[in-house]
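Here's final_6.txt, which has compact mmCIF, C-alpha atoms:
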# COMPACT_ATOMS: atom_id res chain seq x y z
CA MET A 1 11.63 -22.16 17.45
CA ALA A 2 8.16 -20.78 16.82
CA GLU A 3 5.78 -22.72 14.62
CA HIS A 4 4.34 -21.12 11.52
CA THR A 5 0.93 -21.30 9.89
CA SER A 6 0.55 -21.40 6.13
CA SER A 7 -2.30 -21.47 3.63
CA SER A 8 -2.75 -21.05 -0.13
CA ILE A 9 -5.46 -19.80 -2.47
CA THR A 10 -5.79 -19.53 -6.25
CA ILE A 11 -6.67 -16.11 -7.62
CA GLU A 12 -7.93 -15.61 -11.18
CA ALA A 13 -5.37 -12.94 -12.11
CA ALA A 14 -1.75 -12.66 -13.22
CA PRO A 15 0.95 -12.60 -10.50
CA ALA A 16 1.77 -8.94 -11.31
CA ASP A 17 -1.85 -7.92 -10.65
CA VAL A 18 -1.88 -9.81 -7.34
CA MET A 19 1.44 -8.27 -6.27
CA ALA A 20 0.14 -4.78 -7.17
CA VAL A 21 -2.61 -5.21 -4.56
CA ILE A 22 -0.21 -6.68 -1.98
CA ALA A 23 2.20 -3.74 -2.48
CA ASP A 24 -0.56 -1.09 -2.18
CA PHE A 25 -0.38 -0.68 1.61
CA ALA A 26 -2.52 2.48 1.68
CA ARG A 27 -5.51 0.36 0.62
CA TYR A 28 -5.02 -2.46 3.17
CA PRO A 29 -7.81 -1.11 5.41
CA ASP A 30 -10.17 -1.52 2.43
CA TRP A 31 -9.72 -5.29 2.13
CA THR A 32 -7.77 -6.91 4.96
CA GLY A 33 -10.23 -6.51 7.82
CA GLU A 34 -7.56 -6.56 10.55
CA VAL A 35 -5.56 -3.55 9.30
CA LYS A 36 -7.21 -0.32 10.43
CA GLU A 37 -4.39 2.05 9.35
CA ALA A 38 -1.32 1.63 7.12
CA GLU A 39 1.49 4.11 6.53
CA VAL A 40 4.62 3.52 4.44
CA LEU A 41 7.54 4.95 6.45
CA LYS A 42 10.43 4.09 4.11
CA THR A 43 10.78 2.92 0.49
CA ASP A 44 13.59 1.29 -1.47
CA ALA A 45 15.17 2.54 -4.73
CA GLN A 46 12.36 0.92 -6.75
CA GLY A 47 9.70 2.71 -4.69
CA ARG A 48 8.63 -0.45 -2.86
CA ALA A 49 7.84 -0.28 0.85
CA GLU A 50 10.74 -1.17 3.17
CA GLN A 51 9.07 -0.16 6.44
CA VAL A 52 5.34 0.08 7.08
CA ARG A 53 3.43 1.09 10.22
CA LEU A 54 0.21 -0.87 10.69
CA VAL A 55 -2.54 -0.42 13.27
CA MET A 56 -4.08 -3.87 13.69
CA ASP A 57 -7.24 -5.19 15.30
CA ALA A 58 -7.35 -8.97 14.91
CA GLY A 59 -9.66 -9.71 17.83
CA ALA A 60 -7.27 -11.25 20.38
CA ILE A 61 -4.38 -9.24 18.93
CA LYS A 62 -4.66 -5.43 18.80
CA ASP A 63 -1.43 -3.63 18.04
CA ASP A 64 0.43 -0.68 16.55
CA GLN A 65 3.42 -2.20 14.78
CA THR A 66 6.16 -1.46 12.29
CA LEU A 67 7.20 -4.15 9.82
CA GLY A 68 10.28 -4.36 7.63
CA TYR A 69 9.69 -5.70 4.10
CA THR A 70 12.02 -7.59 1.77
CA TRP A 71 11.06 -7.99 -1.91
CA THR A 72 12.53 -11.02 -3.70
CA GLY A 73 12.01 -10.78 -7.44
CA ALA A 74 8.54 -9.98 -8.74
CA ASN A 75 6.68 -12.81 -6.96
CA GLU A 76 7.74 -12.84 -3.30
CA VAL A 77 7.60 -10.46 -0.39
CA SER A 78 8.45 -11.20 3.23
CA TRP A 79 8.29 -9.15 6.38
CA THR A 80 9.61 -9.16 9.90
CA LEU A 81 8.74 -7.22 13.01
CA VAL A 82 10.67 -3.99 13.65
CA LYS A 83 8.66 -2.82 16.67
CA SER A 84 5.38 -3.60 18.38
CA GLN A 85 3.46 -3.05 21.57
CA MET A 86 2.06 -6.60 21.85
CA LEU A 87 4.20 -8.84 19.68
CA ARG A 88 7.59 -10.41 20.24
CA GLN A 89 7.77 -11.85 16.71
CA LEU A 90 5.85 -11.40 13.46
CA ASP A 91 7.34 -12.98 10.36
CA GLY A 92 5.38 -13.56 7.22
CA SER A 93 5.50 -13.87 3.47
CA TYR A 94 3.47 -13.98 0.31
CA LEU A 95 4.78 -16.27 -2.44
CA LEU A 96 3.08 -16.06 -5.84
CA ARG A 97 3.25 -18.86 -8.42
CA PRO A 98 1.64 -18.84 -11.87
CA ALA A 99 -1.19 -21.39 -11.84
CA GLY A 100 -1.97 -21.66 -15.57
CA ALA A 101 -4.34 -19.62 -17.78
CA GLY A 102 -3.92 -16.26 -16.04
CA ALA A 103 -4.29 -17.58 -12.47
CA THR A 104 -1.92 -17.26 -9.51
CA GLU A 105 -1.44 -19.51 -6.50
CA VAL A 106 -0.76 -17.32 -3.45
CA THR A 107 0.83 -18.90 -0.36
CA TYR A 108 0.74 -16.84 2.84
CA GLN A 109 2.96 -17.94 5.71
CA LEU A 110 2.81 -16.35 9.16
CA THR A 111 4.60 -16.77 12.48
CA VAL A 112 3.36 -14.73 15.45
CA ASP A 113 4.65 -14.66 19.01
CA VAL A 114 2.91 -12.42 21.53
CA LYS A 115 4.45 -10.83 24.62
CA ILE A 116 1.50 -11.91 26.79
CA PRO A 117 1.03 -15.59 27.65
CA MET A 118 -1.23 -17.34 25.14
CA LEU A 119 -1.82 -21.04 24.55
CA GLY A 120 -0.13 -22.27 21.38
CA MET A 121 -3.43 -23.67 20.11
CA ILE A 122 -5.15 -20.27 20.48
CA LYS A 123 -2.20 -18.47 18.88
CA ARG A 124 -2.22 -20.84 15.87
CA LYS A 125 -6.00 -20.40 15.53
CA ALA A 126 -5.51 -16.60 15.49
CA GLU A 127 -2.77 -16.98 12.84
CA LYS A 128 -5.10 -19.18 10.73
CA VAL A 129 -7.96 -16.65 10.99
CA ILE A 130 -5.63 -13.78 10.00
CA ILE A 131 -4.27 -15.76 7.02
CA ASP A 132 -7.67 -16.99 5.81
CA ARG A 133 -9.25 -13.54 6.03
CA ALA A 134 -6.27 -11.91 4.29
CA LEU A 135 -6.28 -14.46 1.45
CA ALA A 136 -10.06 -14.20 0.97
CA GLY A 137 -9.84 -10.39 1.02
CA LEU A 138 -6.91 -10.41 -1.42
CA LYS A 139 -8.77 -12.75 -3.80
CA LYS A 140 -11.91 -10.60 -3.68
CA ARG A 141 -9.94 -7.37 -4.17
CA VAL A 142 -7.86 -8.66 -7.09
CA GLU A 143 -10.71 -10.44 -8.87
CA SER A 144 -12.91 -7.32 -8.56
CA GLY A 145 -10.38 -5.57 -10.81
CA GLU A 146 -9.24 -3.12 -8.10
CA THR A 147 -5.54 -3.89 -8.41
CA GLY A 148 -4.22 -0.59 -7.07
CA THR A 149 -1.61 1.42 -8.88
CA GLU A 150 0.62 0.01 -11.58
CA PRO A 151 4.26 -0.42 -10.47
CA GLY A 152 6.27 2.70 -11.15
CA THR A 153 3.24 5.00 -11.32
CA GLU A 154 2.70 5.51 -7.60
CA THR A 155 2.33 9.06 -6.39
CA ALA A 156 3.04 10.23 -2.88
CA GLU A 157 -0.07 11.22 -1.00
CA LYS A 158 0.26 13.45 2.04
Re-express the file's structure as structure tokens.
Amino acid sequence: MAEHTSSSITIEAAPADVMAVIADFARYPDWTGEVKEAEVLKTDAQGRAEQVRLVMDAGAIKDDQTLGYTWTGANEVSWTLVKSQMLRQLDGSYLLRPAGAGATEVTYQLTVDVKIPMLGMIKRKAEKVIIDRALAGLKKRVESGETGTEPGTETAEK
């Protein structure tokens, strides 16, 4: 069983505003650092992404991958690896919890397993760097007021 890495951050915004940024995959290259390209391949009946292709460059891990997303209520999204060049496993989630007075606690959990041999300690350090950068980027993006599109008002861009 692969080990997972987890971290949390408090963002000064409502959960819906935080989730709007998380769900706006087209803008991931603007704030995540590791994501160089993002393309929604399939959406569900509510217009939320079900499959997303991501081109990643996370230092030790460079990859072109497709992830499958599962949305649980308004405050949780999880994903699992559909296909990848470098990874054997990639499971993750964002869980949002109201943290009083318009703030949200965001917990990001990630499990990565690469096809090439890599020491567990190095792999966990890479997971931690990915999580910490993503949470810091998410906090900065949300608190700057750039929350993406409002749910239900997305337009297809081609």
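Nearest residue to A:Ser78, choosing from A:Ile130, A:Ile22, A:Glu34, A:Asp113 and counting all atoms listed in the file: A:Ile22.
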Among A:Met56, A:Val82, A:Ala45, A:Leu135, A:Gly68 is approached most closely, using only C-alpha atoms, by A:Val82
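Going from atom CA of A:Ala23 to atom CA of A:Val40 covers 10.3 Å.
Here atom CA of A:Thr66 is placed at a distance of 15.6 Å from atom CA of A:Pro29.
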Using only C-alpha atoms, determine which residues lie at most 12 Å from A:Ala103, disregarding the query and same-chain residues fewer than 3 positions distant; provide the list as a list in words.
-> Ile9, Thr10, Ile11, Glu12, Ala13, Ala14, Pro15, Ala16, Asp17, Val18, Leu96, Arg97, Pro98, Ala99, Gly100, Val106, Lys139, Val142 and Glu143 of chain A
Could you state the separation of atom CA of A:Gly47 and atom CA of A:Ser8 in Å, given to one decimal place?
-> 27.2 Å
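Closest approach to A:Asp63 among A:Arg48, A:His4, A:Lys42, A:Lys115 is made by A:Lys115 (distances from all atoms listed in the file).
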Pull out stretch 15-92 of chain A, keep C-alpha atoms, and write it as a PDB file, in the first residue's frame.
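Ended up saving to decode02.pdb:
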ATOM      1  CA  PRO A  15     -15.508  27.319   0.251  1.00  0.00           C
ATOM      2  CA  ALA A  16     -17.466  28.028  -2.973  1.00  0.00           C
ATOM      3  CA  ASP A  17     -14.860  30.606  -4.058  1.00  0.00           C
ATOM      4  CA  VAL A  18     -12.017  28.180  -3.329  1.00  0.00           C
ATOM      5  CA  MET A  19     -13.755  25.359  -5.226  1.00  0.00           C
ATOM      6  CA  ALA A  20     -14.357  27.689  -8.199  1.00  0.00           C
ATOM      7  CA  VAL A  21     -10.581  28.094  -8.563  1.00  0.00           C
ATOM      8  CA  ILE A  22      -9.931  24.359  -8.064  1.00  0.00           C
ATOM      9  CA  ALA A  23     -12.535  23.515 -10.754  1.00  0.00           C
ATOM     10  CA  ASP A  24     -11.128  26.032 -13.285  1.00  0.00           C
ATOM     11  CA  PHE A  25      -8.597  23.685 -14.897  1.00  0.00           C
ATOM     12  CA  ALA A  26      -7.877  25.984 -17.854  1.00  0.00           C
ATOM     13  CA  ARG A  27      -6.216  28.415 -15.428  1.00  0.00           C
ATOM     14  CA  TYR A  28      -4.041  25.852 -13.590  1.00  0.00           C
ATOM     15  CA  PRO A  29      -0.917  26.912 -15.514  1.00  0.00           C
ATOM     16  CA  ASP A  30      -1.443  30.428 -14.109  1.00  0.00           C
ATOM     17  CA  TRP A  31      -1.091  29.404 -10.457  1.00  0.00           C
ATOM     18  CA  THR A  32       0.063  25.825  -9.889  1.00  0.00           C
ATOM     19  CA  GLY A  33       3.643  26.052 -11.121  1.00  0.00           C
ATOM     20  CA  GLU A  34       3.898  22.344 -12.024  1.00  0.00           C
ATOM     21  CA  VAL A  35       1.008  22.280 -14.525  1.00  0.00           C
ATOM     22  CA  LYS A  36       2.154  23.587 -17.904  1.00  0.00           C
ATOM     23  CA  GLU A  37      -1.007  22.640 -19.867  1.00  0.00           C
ATOM     24  CA  ALA A  38      -4.513  21.569 -18.833  1.00  0.00           C
ATOM     25  CA  GLU A  39      -7.335  20.360 -21.068  1.00  0.00           C
ATOM     26  CA  VAL A  40     -10.756  19.121 -19.922  1.00  0.00           C
ATOM     27  CA  LEU A  41     -11.517  16.006 -21.996  1.00  0.00           C
ATOM     28  CA  LYS A  42     -14.898  15.043 -20.501  1.00  0.00           C
ATOM     29  CA  THR A  43     -17.480  16.708 -18.240  1.00  0.00           C
ATOM     30  CA  ASP A  44     -20.360  15.396 -16.137  1.00  0.00           C
ATOM     31  CA  ALA A  45     -24.031  16.461 -16.316  1.00  0.00           C
ATOM     32  CA  GLN A  46     -23.299  19.463 -14.050  1.00  0.00           C
ATOM     33  CA  GLY A  47     -20.484  20.634 -16.345  1.00  0.00           C
ATOM     34  CA  ARG A  48     -17.737  19.614 -13.915  1.00  0.00           C
ATOM     35  CA  ALA A  49     -14.577  17.986 -15.248  1.00  0.00           C
ATOM     36  CA  GLU A  50     -14.577  14.179 -15.234  1.00  0.00           C
ATOM     37  CA  GLN A  51     -11.346  13.683 -17.198  1.00  0.00           C
ATOM     38  CA  VAL A  52      -8.515  16.183 -17.532  1.00  0.00           C
ATOM     39  CA  ARG A  53      -5.234  15.947 -19.448  1.00  0.00           C
ATOM     40  CA  LEU A  54      -2.350  17.661 -17.662  1.00  0.00           C
ATOM     41  CA  VAL A  55       1.200  18.283 -18.844  1.00  0.00           C
ATOM     42  CA  MET A  56       3.298  18.411 -15.675  1.00  0.00           C
ATOM     43  CA  ASP A  57       6.817  19.522 -14.863  1.00  0.00           C
ATOM     44  CA  ALA A  58       7.475  18.985 -11.159  1.00  0.00           C
ATOM     45  CA  GLY A  59      11.260  18.784 -11.342  1.00  0.00           C
ATOM     46  CA  ALA A  60      11.908  15.071 -10.774  1.00  0.00           C
ATOM     47  CA  ILE A  61       8.515  14.215 -12.276  1.00  0.00           C
ATOM     48  CA  LYS A  62       7.739  15.380 -15.837  1.00  0.00           C
ATOM     49  CA  ASP A  63       4.674  13.806 -17.378  1.00  0.00           C
ATOM     50  CA  ASP A  64       1.709  13.974 -19.742  1.00  0.00           C
ATOM     51  CA  GLN A  65      -1.165  12.430 -17.809  1.00  0.00           C
ATOM     52  CA  THR A  66      -4.920  12.033 -17.781  1.00  0.00           C
ATOM     53  CA  LEU A  67      -6.771  12.134 -14.469  1.00  0.00           C
ATOM     54  CA  GLY A  68     -10.318  11.080 -13.639  1.00  0.00           C
ATOM     55  CA  TYR A  69     -12.182  13.371 -11.223  1.00  0.00           C
ATOM     56  CA  THR A  70     -14.960  12.583  -8.742  1.00  0.00           C
ATOM     57  CA  TRP A  71     -16.903  15.456  -7.149  1.00  0.00           C
ATOM     58  CA  THR A  72     -18.463  14.747  -3.743  1.00  0.00           C
ATOM     59  CA  GLY A  73     -20.895  17.468  -2.754  1.00  0.00           C
ATOM     60  CA  ALA A  74     -19.763  21.073  -2.994  1.00  0.00           C
ATOM     61  CA  ASN A  75     -16.621  20.761  -0.844  1.00  0.00           C
ATOM     62  CA  GLU A  76     -14.649  17.720  -2.021  1.00  0.00           C
ATOM     63  CA  VAL A  77     -12.993  16.597  -5.214  1.00  0.00           C
ATOM     64  CA  SER A  78     -10.746  13.583  -5.699  1.00  0.00           C
ATOM     65  CA  TRP A  79      -8.829  12.257  -8.651  1.00  0.00           C
ATOM     66  CA  THR A  80      -7.137   9.104  -9.809  1.00  0.00           C
ATOM     67  CA  LEU A  81      -4.762   8.312 -12.635  1.00  0.00           C
ATOM     68  CA  VAL A  82      -6.288   7.199 -15.946  1.00  0.00           C
ATOM     69  CA  LYS A  83      -3.059   7.154 -17.973  1.00  0.00           C
ATOM     70  CA  SER A  84       0.485   8.424 -17.697  1.00  0.00           C
ATOM     71  CA  GLN A  85       3.919   8.069 -19.194  1.00  0.00           C
ATOM     72  CA  MET A  86       5.847   8.154 -15.887  1.00  0.00           C
ATOM     73  CA  LEU A  87       3.392   7.333 -13.131  1.00  0.00           C
ATOM     74  CA  ARG A  88       1.955   4.054 -11.915  1.00  0.00           C
ATOM     75  CA  GLN A  89      -0.395   5.741  -9.418  1.00  0.00           C
ATOM     76  CA  LEU A  90      -1.602   9.280  -8.746  1.00  0.00           C
ATOM     77  CA  ASP A  91      -4.453   9.675  -6.293  1.00  0.00           C
ATOM     78  CA  GLY A  92      -5.318  12.944  -4.675  1.00  0.00           C
TER      79      GLY A  92
END
